[in-house]
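Source file: my_file10.pdb; contents: PDB, C-alpha atoms.
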```
ATOM      1  CA  MET B  81     -12.066 -12.591   7.137
ATOM      2  CA  ALA B  82     -12.012 -14.889   4.120
ATOM      3  CA  LEU B  83     -14.742 -16.355   1.984
ATOM      4  CA  GLY B  84     -14.370 -19.679   0.275
ATOM      5  CA  VAL B  85     -16.410 -22.035  -1.845
ATOM      6  CA  SER B  86     -18.767 -24.034   0.302
ATOM      7  CA  THR B  87     -19.250 -27.748  -0.160
ATOM      8  CA  ALA B  88     -22.857 -27.404   1.013
ATOM      9  CA  SER B  89     -24.344 -25.792  -2.063
ATOM     10  CA  ARG B  90     -28.012 -24.901  -2.378
ATOM     11  CA  LEU B  91     -27.536 -23.694  -5.946
ATOM     12  CA  ASN B  92     -26.803 -26.319  -8.581
ATOM     13  CA  ALA B  93     -24.226 -25.703 -11.295
ATOM     14  CA  ALA B  94     -26.899 -26.324 -13.927
ATOM     15  CA  ASP B  95     -28.979 -23.509 -12.461
ATOM     16  CA  ILE B  96     -26.331 -20.856 -13.105
ATOM     17  CA  ASP B  97     -27.165 -18.542 -16.006
ATOM     18  CA  LEU B  98     -23.776 -16.994 -16.750
ATOM     19  CA  ASN B  99     -24.999 -14.327 -19.160
ATOM     20  CA  ARG B 100     -27.749 -13.236 -16.786
ATOM     21  CA  THR B 101     -25.300 -13.103 -13.883
ATOM     22  CA  LEU B 102     -22.710 -11.051 -15.767
ATOM     23  CA  LYS B 103     -25.341  -8.637 -17.061
ATOM     24  CA  GLY B 104     -26.757  -8.312 -13.554
ATOM     25  CA  ILE B 105     -23.347  -7.375 -12.167
ATOM     26  CA  GLU B 106     -22.769  -4.837 -14.945
ATOM     27  CA  ASP B 107     -26.201  -3.283 -14.480
ATOM     28  CA  HIS B 108     -25.743  -3.080 -10.718
ATOM     29  CA  TYR B 109     -22.456  -1.199 -10.878
ATOM     30  CA  ASN B 110     -23.077   0.760 -14.090
ATOM     31  CA  ARG B 111     -26.061   2.452 -12.478
ATOM     32  CA  ILE B 112     -23.991   3.631  -9.545
ATOM     33  CA  GLN B 113     -22.331   7.041  -9.635
ATOM     34  CA  THR B 114     -20.625   6.758  -6.242
ATOM     35  CA  LEU B 115     -19.866   3.817  -3.991
ATOM     36  CA  GLN B 116     -18.591   3.474  -0.434
ATOM     37  CA  LEU B 117     -17.641   0.265   1.355
ATOM     38  CA  THR B 118     -15.224  -1.269   3.823
ATOM     39  CA  PHE B 119     -12.610  -3.753   2.699
ATOM     40  CA  THR B 120     -10.174  -6.333   3.979
ATOM     41  CA  GLN B 121      -7.236  -6.930   1.661
ATOM     42  CA  LYS B 122      -4.859  -9.883   1.702
ATOM     43  CA  TYR B 123      -1.787  -9.651  -0.508
ATOM     44  CA  THR B 124       0.248 -12.802  -1.107
ATOM     45  CA  PHE B 125       3.506 -13.156  -3.017
ATOM     46  CA  GLN B 126       6.110 -15.920  -2.814
ATOM     47  CA  LYS B 127       4.397 -17.471   0.222
ATOM     48  CA  ARG B 128       4.491 -14.199   2.144
ATOM     49  CA  ALA B 129       1.190 -12.592   3.031
ATOM     50  CA  ARG B 130      -0.025  -9.392   4.638
ATOM     51  CA  THR B 131      -3.534  -8.348   5.567
ATOM     52  CA  GLU B 132      -4.717  -4.735   5.581
ATOM     53  CA  LYS B 133      -8.060  -3.005   6.127
ATOM     54  CA  GLY B 134      -9.752   0.258   5.339
ATOM     55  CA  GLU B 135     -12.518   2.085   3.548
ATOM     56  CA  LEU B 136     -12.980   2.516  -0.195
ATOM     57  CA  PHE B 137     -14.680   5.434  -1.961
ATOM     58  CA  LEU B 138     -15.377   5.352  -5.703
ATOM     59  CA  ARG B 139     -16.828   7.836  -8.158
ATOM     60  CA  LYS B 140     -17.247   7.804 -11.919
ATOM     61  CA  PRO B 141     -15.128   8.252 -13.908
ATOM     62  CA  GLY B 142     -12.025   6.606 -12.484
ATOM     63  CA  ARG B 143     -11.865   8.305  -9.110
ATOM     64  CA  MET B 144     -10.904   6.170  -6.136
ATOM     65  CA  ARG B 145      -9.774   6.613  -2.561
ATOM     66  CA  TRP B 146      -8.385   3.670  -0.613
ATOM     67  CA  GLN B 147      -8.164   4.940   2.961
ATOM     68  CA  TYR B 148      -6.407   2.446   5.220
ATOM     69  CA  THR B 149      -7.027   2.015   8.925
ATOM     70  CA  ALA B 150      -4.530  -0.863   9.157
ATOM     71  CA  PRO B 151      -1.852   0.208   8.581
ATOM     72  CA  PRO B 152      -3.098   3.661   9.604
ATOM     73  CA  GLY B 153      -2.387   6.551   7.257
ATOM     74  CA  LYS B 154      -1.669   4.511   4.150
ATOM     75  CA  LEU B 155      -3.549   6.065   1.241
ATOM     76  CA  PHE B 156      -4.172   5.574  -2.471
ATOM     77  CA  VAL B 157      -6.021   8.301  -4.351
ATOM     78  CA  SER B 158      -6.949   8.559  -8.029
ATOM     79  CA  ASP B 159      -8.372  11.775  -9.455
ATOM     80  CA  GLY B 160      -9.150  10.038 -12.736
ATOM     81  CA  LYS B 161      -5.873  11.095 -14.354
ATOM     82  CA  PHE B 162      -3.180  10.334 -11.791
ATOM     83  CA  MET B 163      -2.762   7.775  -9.030
ATOM     84  CA  TYR B 164      -1.139   8.948  -5.787
ATOM     85  CA  SER B 165       0.237   6.282  -3.467
ATOM     86  CA  TYR B 166       1.207   7.460   0.012
ATOM     87  CA  PHE B 167       3.289   5.274   2.322
ATOM     88  CA  PRO B 168       3.569   7.096   5.667
ATOM     89  CA  ALA B 169       6.037   4.594   7.131
ATOM     90  CA  GLU B 170       8.432   5.447   4.298
ATOM     91  CA  ASN B 171       7.491   9.143   4.134
ATOM     92  CA  ARG B 172       7.057   8.641   0.382
ATOM     93  CA  VAL B 173       4.521   9.410  -2.355
ATOM     94  CA  GLU B 174       4.385   7.841  -5.818
ATOM     95  CA  LYS B 175       2.586   9.793  -8.565
ATOM     96  CA  THR B 176       1.746   7.785 -11.674
ATOM     97  CA  PRO B 177      -0.558   8.246 -14.682
ATOM     98  CA  PHE B 178      -3.656   6.260 -13.798
ATOM     99  CA  LYS B 179      -3.666   4.334 -17.076
ATOM    100  CA  GLU B 180      -0.049   3.290 -16.553
ATOM    101  CA  THR B 181      -0.159   2.375 -12.897
ATOM    102  CA  ASP B 182       1.076  -1.080 -11.986
ATOM    103  CA  ASP B 183      -0.965  -1.036  -8.800
ATOM    104  CA  MET B 184      -3.322  -3.976  -8.582
ATOM    105  CA  ARG B 185      -6.088  -1.777  -7.175
ATOM    106  CA  ALA B 186      -6.519  -0.124 -10.572
ATOM    107  CA  PRO B 187      -8.463  -3.031 -12.147
ATOM    108  CA  LEU B 188     -11.055  -2.657  -9.387
ATOM    109  CA  ALA B 189     -12.263   0.551 -11.011
ATOM    110  CA  PHE B 190     -14.586  -1.769 -12.930
ATOM    111  CA  LEU B 191     -16.823  -1.609  -9.869
ATOM    112  CA  LEU B 192     -17.974   1.705 -11.301
ATOM    113  CA  GLY B 193     -18.734   0.299 -14.713
ATOM    114  CA  ARG B 194     -15.376   0.451 -16.409
ATOM    115  CA  LEU B 195     -15.466  -3.216 -17.293
ATOM    116  CA  ASN B 196     -17.365  -4.913 -20.085
ATOM    117  CA  PHE B 197     -17.052  -8.586 -19.274
ATOM    118  CA  GLN B 198     -17.423  -9.894 -22.819
ATOM    119  CA  ASP B 199     -14.994  -7.325 -24.212
ATOM    120  CA  ASP B 200     -12.280  -7.925 -21.648
ATOM    121  CA  PHE B 201     -12.491 -11.631 -20.843
ATOM    122  CA  ARG B 202     -12.221 -14.675 -23.087
ATOM    123  CA  GLU B 203     -13.359 -17.388 -20.701
ATOM    124  CA  PHE B 204     -15.591 -17.734 -17.636
ATOM    125  CA  ARG B 205     -15.885 -20.604 -15.199
ATOM    126  CA  THR B 206     -18.678 -20.809 -12.663
ATOM    127  CA  GLN B 207     -19.266 -22.741  -9.481
ATOM    128  CA  PRO B 208     -22.142 -22.510  -7.007
ATOM    129  CA  ASP B 209     -21.453 -21.381  -3.454
ATOM    130  CA  ARG B 210     -24.665 -21.871  -1.485
ATOM    131  CA  ASP B 211     -27.005 -19.276  -3.014
ATOM    132  CA  ASN B 212     -24.096 -17.355  -4.506
ATOM    133  CA  VAL B 213     -22.032 -17.786  -7.662
ATOM    134  CA  PHE B 214     -18.256 -18.096  -7.725
ATOM    135  CA  ILE B 215     -16.850 -16.885 -11.076
ATOM    136  CA  THR B 216     -13.342 -17.196 -12.494
ATOM    137  CA  ALA B 217     -12.619 -14.905 -15.465
ATOM    138  CA  LEU B 218      -9.607 -15.121 -17.783
ATOM    139  CA  PRO B 219      -8.694 -11.935 -19.691
ATOM    140  CA  LYS B 220      -8.361 -11.835 -23.476
ATOM    141  CA  SER B 221      -5.013 -10.055 -23.339
ATOM    142  CA  ASP B 222      -1.879 -11.456 -21.760
ATOM    143  CA  LYS B 223      -0.390  -7.951 -21.586
ATOM    144  CA  LEU B 224      -2.541  -6.868 -18.661
ATOM    145  CA  LEU B 225      -1.316  -6.636 -15.074
ATOM    146  CA  TYR B 226      -3.399  -9.635 -14.099
ATOM    147  CA  SER B 227      -3.859 -13.151 -15.476
ATOM    148  CA  GLU B 228      -7.053 -14.096 -13.645
ATOM    149  CA  VAL B 229      -9.894 -12.526 -11.703
ATOM    150  CA  LYS B 230     -12.162 -14.444  -9.333
ATOM    151  CA  PHE B 231     -15.229 -13.063  -7.614
ATOM    152  CA  LEU B 232     -18.097 -14.181  -5.440
ATOM    153  CA  VAL B 233     -21.492 -12.732  -6.321
ATOM    154  CA  SER B 234     -24.716 -12.826  -4.305
ATOM    155  CA  PRO B 235     -28.190 -13.196  -5.895
ATOM    156  CA  ASP B 236     -28.601  -9.388  -5.920
ATOM    157  CA  PHE B 237     -25.459  -9.171  -8.132
ATOM    158  CA  VAL B 238     -23.258  -7.594  -5.458
ATOM    159  CA  ILE B 239     -19.577  -8.608  -5.416
ATOM    160  CA  HIS B 240     -18.592  -9.619  -1.870
ATOM    161  CA  TRP B 241     -15.181 -11.155  -2.510
ATOM    162  CA  LEU B 242     -12.712 -10.609  -5.309
ATOM    163  CA  SER B 243      -9.240 -11.962  -6.069
ATOM    164  CA  VAL B 244      -6.818 -10.614  -8.685
ATOM    165  CA  THR B 245      -3.882 -12.804  -9.727
ATOM    166  CA  GLY B 246      -0.935 -10.827 -11.055
ATOM    167  CA  GLN B 247       1.206 -11.920 -13.967
ATOM    168  CA  GLU B 248       4.143 -12.291 -11.569
ATOM    169  CA  GLY B 249       2.195 -14.730  -9.403
ATOM    170  CA  SER B 250       0.939 -12.423  -6.669
ATOM    171  CA  THR B 251      -2.657 -12.494  -5.453
ATOM    172  CA  ASN B 252      -4.703  -9.631  -4.074
ATOM    173  CA  GLU B 253      -7.853 -10.763  -2.274
ATOM    174  CA  PHE B 254     -10.538  -8.320  -1.205
ATOM    175  CA  VAL B 255     -13.546  -8.848   1.041
ATOM    176  CA  PHE B 256     -16.102  -6.063   0.555
ATOM    177  CA  GLU B 257     -18.690  -5.196   3.213
ATOM    178  CA  ASN B 258     -21.128  -2.445   4.180
ATOM    179  CA  GLU B 259     -21.759  -1.320   0.610
ATOM    180  CA  LYS B 260     -23.459   2.069   0.227
ATOM    181  CA  LYS B 261     -24.742   2.993  -3.215
ATOM    182  CA  ASN B 262     -24.619   6.620  -4.363
ATOM    183  CA  PRO B 263     -23.653   8.228  -1.042
ATOM    184  CA  PRO B 264     -22.649  11.915  -1.137
ATOM    185  CA  ILE B 265     -18.843  12.045  -1.426
ATOM    186  CA  ALA B 266     -17.035  15.394  -1.508
ATOM    187  CA  ASP B 267     -14.742  16.114  -4.470
ATOM    188  CA  THR B 268     -11.946  16.808  -2.000
ATOM    189  CA  MET B 269     -11.846  13.084  -1.199
ATOM    190  CA  PHE B 270     -10.263  12.519  -4.616
ATOM    191  CA  ARG B 271      -7.650  15.253  -4.373
ATOM    192  CA  PHE B 272      -4.286  14.502  -2.876
ATOM    193  CA  THR B 273      -2.165  17.049  -1.028
ATOM    194  CA  PRO B 274       1.171  15.604   0.069
ATOM    195  CA  PRO B 275       2.132  16.151   3.710
ATOM    196  CA  PRO B 276       4.974  18.629   4.299
ATOM    197  CA  GLY B 277       8.429  17.155   3.872
ATOM    198  CA  VAL B 278       7.300  13.981   2.138
ATOM    199  CA  GLU B 279       9.450  12.565  -0.665
ATOM    200  CA  ILE B 280       7.579  12.655  -3.994
ATOM    201  CA  ASN B 281       8.525  10.308  -6.825
ATOM    202  CA  ASP B 282       6.861  11.847  -9.880
ATOM    203  CA  ASN B 283       6.479   9.340 -12.712
ATOM    204  CA  THR B 284       4.515  11.757 -14.902
ATOM    205  CA  GLN B 285       7.392  13.799 -16.307
ATOM    206  CA  HIS B 286       6.444  12.907 -19.857
ATOM    207  CA  GLU B 287       2.842  13.972 -19.352
TER     208      GLU B 287
END
```
Mind converting the file's structure to structure tokens?
Amino acid sequence: MALGVSTASRLNAADIDLNRTLKGIEDHYNRIQTLQLTFTQKYTFQKRARTEKGELFLRKPGRMRWQYTAPPGKLFVSDGKFMYSYFPAENRVEKTPFKETDDMRAPLAFLLGRLNFQDDFREFRTQPDRDNVFITALPKSDKLLYSEVKFLVSPDFVIHWLSVTGQEGSTNEFVFENEKKNPPIADTMFRFTPPPGVEINDNTQHE
């Protein structure tokens, strides 16, 4: 599934209130303590692409669980301090300090209010997409993992599609569906216990 900018727009560019839209997005996600949704992810790099699917669980502060159904068993878990990346096909786990992870899922923690648009981005471009707003945001710093973020926002300030462009030229596109605000999520969902016999690459030795 992919969402694009429609040529049949019901919302005019002049009607877009950028500040109101950004504040609406921030308010929507800042008020949420937990979030659950399904996602479709398309990763593209050097003309090669792969599409994966799964379910995402988020909790403030900084806790995430990306639970993949395709490919089955693939898992990314953050307990707020460390990020654990499990690749069952390789029988391997990567453990990295969350703030130092180079995984492009990390920027998506802003869905739980970690992002202040005006603090983090220097420029915004908007385009109508029917009743929705398509926003391109350029970060203030060129030292971040990403050089550009694009997202599609509905009138209720929910993000339905998001694309992160990496500094190396990769793109990670996400379609978000079936959003549930503040569902009960057990703490155990954000704890990672490696399967027996798995190879663990611990990148936290200096911690």
Q) For the atom pair atom CA of Pro177 of chain B and atom CA of Leu225 of chain B, what is the interatomic distance in Å to one decimal place? A) 14.9 Å
Q. Applied to the shown file, which residues does the PyMOL selection byres ((chain B and resi 241) around 12) return, written as a PyMOL selection string?
A. chain B and resi 81-85+118-122+188+212-216+229-234+237-240+242-244+252-257
**Q.** Long-range neighbours of Phe197 of chain B as a list in words, 12 Å cut-off, all atoms listed in the file, 2 positions minimum in chain
**A.**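 Contacts, with the query itself left out: Leu98, Asn99, Arg100, Thr101, Leu102, Lys103, Gly104, Ile105, Glu106, Asp107, Phe190, Leu191, Gly193, Arg194, Leu195, Asp199, Asp200, Phe201, Arg202, Glu203, Phe204, Ile215, Thr216, Ala217, Leu218, Pro219, Lys220 and Val229 of chain B.
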(Q) So the first atom is atom CA of Pro141 of chain B and the second is atom CA of Ser250 of chain B; what is the distance between them in Å, to one decimal place? (A) 27.2 Å
Q: Could you give me, as a list in words, the residues within 7 Å of Ala150 of chain B, counting all atoms listed in the file and dropping anything in the same chain fewer than 6 positions from it?
A: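 Close residues of Ala150 of chain B: Glu132, Lys133 and Gly134 of chain B.
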Q.
For this structure, which residues satisfy the selection - the PyMOL selection byres ((chain B and resi 246) around 8) - when it is evaluated on the file as given? I want them as a list in words.
A.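 That expression, the PyMOL selection byres ((chain B and resi 246) around 8), corresponds here to Met184, Leu225, Tyr226, Ser227, Glu228, Val244, Thr245, Gln247, Glu248, Gly249, Ser250 and Thr251 of chain B.
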Q.
Just checking: using all atoms listed in the file, which residue out of B:Arg271, B:Lys127, B:Arg210, B:Lys261 ends up closest to Gly160 of chain B?
A.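 Smallest separation from Gly160 of chain B among the options: B:Arg271.
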Q. Could you write out as a PyMOL selection string the residues that the PyMOL selection byres ((chain B and resi 264) around 12) matches in the shown file?
A. chain B and resi 112-116+137-139+260-263+265-269
(Q) Counting only C-alpha atoms, which residue out of B:Thr176, B:Thr284, B:Asn92, B:Asn171 sits closest to Ser158 of chain B? (A) B:Thr176
Q) atom CA of Phe156 of chain B and atom CA of Met144 of chain B are how many Å apart? A)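 Here the two named atoms are 7.7 Å from each other.
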Q: May I have the residues at most 7 Å from (-7.9, 9.0, -9.3) in the file's coordinates, counting all atoms listed in the file, as a ChimeraX atom specification?
A: /B:142-144,157-163,178,270
Q: Considering only C-alpha atoms, return as a VMD selection string whatever protein or nucleic-acid residues lie within 8 Å of Leu155 of chain B, sequence-local ones (same chain, fewer than 6 positions apart) excluded.
A: chain B and resid 145 to 148 164 to 167
Q. Which is closest to Asn258 of chain B among B:Pro168, B:Tyr123, B:Leu136, B:Arg128, if we use all atoms listed in the file?
A.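 Looking only at the distances to Asn258 of chain B, the closest residue turns out to be B:Leu136.
Shortest atom-to-atom contact with Pro208 of chain B among B:Ala129, B:Leu117, B:Leu224, B:Ala93: B:Ala93, counting all atoms listed in the file.
Between Asn283 of chain B and the residues B:Glu174, B:Asp222, B:Asp209, B:Glu259, the shortest atom-to-atom distance, using only C-alpha atoms, involves B:Glu174.
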Q) Given the choices B:Glu170, B:Asp211, B:Ser221, B:Gln198, which gets closest to Gly277 of chain B if the distance is worked out from all atoms listed in the file? A) B:Glu170
Emit segment 203-235 of chain B of the structure in the block as a file comprising N, CA and C atoms, as a PDB file, in the first residue's frame.
```pdb
ATOM      1  N   GLU B 203      12.802  24.356   7.873  1.00  0.00           N
ATOM      2  CA  GLU B 203      11.969  24.722   6.725  1.00  0.00           C
ATOM      3  C   GLU B 203      10.854  23.712   6.542  1.00  0.00           C
ATOM      4  N   PHE B 204       9.666  24.210   6.164  1.00  0.00           N
ATOM      5  CA  PHE B 204       8.511  23.349   5.916  1.00  0.00           C
ATOM      6  C   PHE B 204       7.896  23.706   4.564  1.00  0.00           C
ATOM      7  N   ARG B 205       7.536  22.687   3.823  1.00  0.00           N
ATOM      8  CA  ARG B 205       6.837  22.900   2.561  1.00  0.00           C
ATOM      9  C   ARG B 205       5.525  22.129   2.628  1.00  0.00           C
ATOM     10  N   THR B 206       4.463  22.739   2.161  1.00  0.00           N
ATOM     11  CA  THR B 206       3.158  22.098   2.241  1.00  0.00           C
ATOM     12  C   THR B 206       2.522  21.972   0.865  1.00  0.00           C
ATOM     13  N   GLN B 207       1.689  20.959   0.745  1.00  0.00           N
ATOM     14  CA  GLN B 207       0.944  20.734  -0.487  1.00  0.00           C
ATOM     15  C   GLN B 207      -0.355  20.028  -0.130  1.00  0.00           C
ATOM     16  N   PRO B 208      -1.474  20.476  -0.679  1.00  0.00           N
ATOM     17  CA  PRO B 208      -2.740  19.807  -0.376  1.00  0.00           C
ATOM     18  C   PRO B 208      -2.835  18.447  -1.041  1.00  0.00           C
ATOM     19  N   ASP B 209      -3.493  17.531  -0.381  1.00  0.00           N
ATOM     20  CA  ASP B 209      -3.768  16.201  -0.935  1.00  0.00           C
ATOM     21  C   ASP B 209      -5.205  15.868  -0.576  1.00  0.00           C
ATOM     22  N   ARG B 210      -6.127  16.239  -1.457  1.00  0.00           N
ATOM     23  CA  ARG B 210      -7.560  16.146  -1.167  1.00  0.00           C
ATOM     24  C   ARG B 210      -7.859  16.963   0.094  1.00  0.00           C
ATOM     25  N   ASP B 211      -8.382  16.317   1.135  1.00  0.00           N
ATOM     26  CA  ASP B 211      -8.641  17.046   2.378  1.00  0.00           C
ATOM     27  C   ASP B 211      -7.444  17.025   3.314  1.00  0.00           C
ATOM     28  N   ASN B 212      -6.389  16.335   2.911  1.00  0.00           N
ATOM     29  CA  ASN B 212      -5.227  16.168   3.773  1.00  0.00           C
ATOM     30  C   ASN B 212      -4.129  17.158   3.419  1.00  0.00           C
ATOM     31  N   VAL B 213      -3.071  17.160   4.227  1.00  0.00           N
ATOM     32  CA  VAL B 213      -1.936  18.047   3.984  1.00  0.00           C
ATOM     33  C   VAL B 213      -0.669  17.200   3.895  1.00  0.00           C
ATOM     34  N   PHE B 214       0.079  17.427   2.839  1.00  0.00           N
ATOM     35  CA  PHE B 214       1.357  16.757   2.625  1.00  0.00           C
ATOM     36  C   PHE B 214       2.446  17.745   3.032  1.00  0.00           C
ATOM     37  N   ILE B 215       3.292  17.367   4.006  1.00  0.00           N
ATOM     38  CA  ILE B 215       4.306  18.272   4.545  1.00  0.00           C
ATOM     39  C   ILE B 215       5.697  17.688   4.336  1.00  0.00           C
ATOM     40  N   THR B 216       6.613  18.507   3.859  1.00  0.00           N
ATOM     41  CA  THR B 216       8.022  18.155   3.777  1.00  0.00           C
ATOM     42  C   THR B 216       8.766  19.026   4.775  1.00  0.00           C
ATOM     43  N   ALA B 217       9.560  18.405   5.659  1.00  0.00           N
ATOM     44  CA  ALA B 217      10.281  19.130   6.700  1.00  0.00           C
ATOM     45  C   ALA B 217      11.777  18.884   6.566  1.00  0.00           C
ATOM     46  N   LEU B 218      12.556  19.965   6.604  1.00  0.00           N
ATOM     47  CA  LEU B 218      14.009  19.873   6.503  1.00  0.00           C
ATOM     48  C   LEU B 218      14.616  20.194   7.864  1.00  0.00           C
ATOM     49  N   PRO B 219      15.446  19.300   8.411  1.00  0.00           N
ATOM     50  CA  PRO B 219      15.992  19.511   9.753  1.00  0.00           C
ATOM     51  C   PRO B 219      17.006  20.648   9.808  1.00  0.00           C
ATOM     52  N   LYS B 220      17.158  21.240  10.994  1.00  0.00           N
ATOM     53  CA  LYS B 220      18.125  22.317  11.178  1.00  0.00           C
ATOM     54  C   LYS B 220      19.552  21.806  11.121  1.00  0.00           C
ATOM     55  N   SER B 221      19.770  20.612  11.637  1.00  0.00           N
ATOM     56  CA  SER B 221      21.121  20.049  11.702  1.00  0.00           C
ATOM     57  C   SER B 221      21.382  19.094  10.554  1.00  0.00           C
ATOM     58  N   ASP B 222      22.590  19.173   9.999  1.00  0.00           N
ATOM     59  CA  ASP B 222      22.969  18.232   8.952  1.00  0.00           C
ATOM     60  C   ASP B 222      23.734  17.044   9.529  1.00  0.00           C
ATOM     61  N   LYS B 223      23.771  16.947  10.856  1.00  0.00           N
ATOM     62  CA  LYS B 223      24.471  15.852  11.523  1.00  0.00           C
ATOM     63  C   LYS B 223      23.514  14.744  11.968  1.00  0.00           C
ATOM     64  N   LEU B 224      22.245  14.901  11.644  1.00  0.00           N
ATOM     65  CA  LEU B 224      21.270  13.881  11.998  1.00  0.00           C
ATOM     66  C   LEU B 224      21.332  12.720  11.016  1.00  0.00           C
ATOM     67  N   LEU B 225      20.649  11.636  11.351  1.00  0.00           N
ATOM     68  CA  LEU B 225      20.618  10.460  10.481  1.00  0.00           C
ATOM     69  C   LEU B 225      19.871  10.743   9.183  1.00  0.00           C
ATOM     70  N   TYR B 226      18.952  11.700   9.237  1.00  0.00           N
ATOM     71  CA  TYR B 226      18.083  11.931   8.093  1.00  0.00           C
ATOM     72  C   TYR B 226      18.233  13.358   7.581  1.00  0.00           C
ATOM     73  N   SER B 227      17.942  13.550   6.296  1.00  0.00           N
ATOM     74  CA  SER B 227      18.060  14.859   5.666  1.00  0.00           C
ATOM     75  C   SER B 227      16.703  15.468   5.355  1.00  0.00           C
ATOM     76  N   GLU B 228      15.645  14.638   5.440  1.00  0.00           N
ATOM     77  CA  GLU B 228      14.312  15.120   5.082  1.00  0.00           C
ATOM     78  C   GLU B 228      13.267  14.176   5.647  1.00  0.00           C
ATOM     79  N   VAL B 229      12.165  14.752   6.091  1.00  0.00           N
ATOM     80  CA  VAL B 229      11.027  13.966   6.559  1.00  0.00           C
ATOM     81  C   VAL B 229       9.780  14.465   5.833  1.00  0.00           C
ATOM     82  N   LYS B 230       9.010  13.546   5.294  1.00  0.00           N
ATOM     83  CA  LYS B 230       7.746  13.898   4.645  1.00  0.00           C
ATOM     84  C   LYS B 230       6.626  13.154   5.354  1.00  0.00           C
ATOM     85  N   PHE B 231       5.473  13.797   5.498  1.00  0.00           N
ATOM     86  CA  PHE B 231       4.355  13.098   6.108  1.00  0.00           C
ATOM     87  C   PHE B 231       3.029  13.623   5.590  1.00  0.00           C
ATOM     88  N   LEU B 232       2.052  12.735   5.611  1.00  0.00           N
ATOM     89  CA  LEU B 232       0.712  13.042   5.147  1.00  0.00           C
ATOM     90  C   LEU B 232      -0.219  13.045   6.352  1.00  0.00           C
ATOM     91  N   VAL B 233      -0.903  14.170   6.549  1.00  0.00           N
ATOM     92  CA  VAL B 233      -1.698  14.388   7.751  1.00  0.00           C
ATOM     93  C   VAL B 233      -3.157  14.622   7.390  1.00  0.00           C
ATOM     94  N   SER B 234      -4.057  13.933   8.072  1.00  0.00           N
ATOM     95  CA  SER B 234      -5.490  14.113   7.853  1.00  0.00           C
ATOM     96  C   SER B 234      -6.004  15.295   8.672  1.00  0.00           C
ATOM     97  N   PRO B 235      -7.244  15.747   8.432  1.00  0.00           N
ATOM     98  CA  PRO B 235      -7.775  16.910   9.153  1.00  0.00           C
ATOM     99  C   PRO B 235      -7.823  16.742  10.665  1.00  0.00           C
TER     100      PRO B 235
END
```
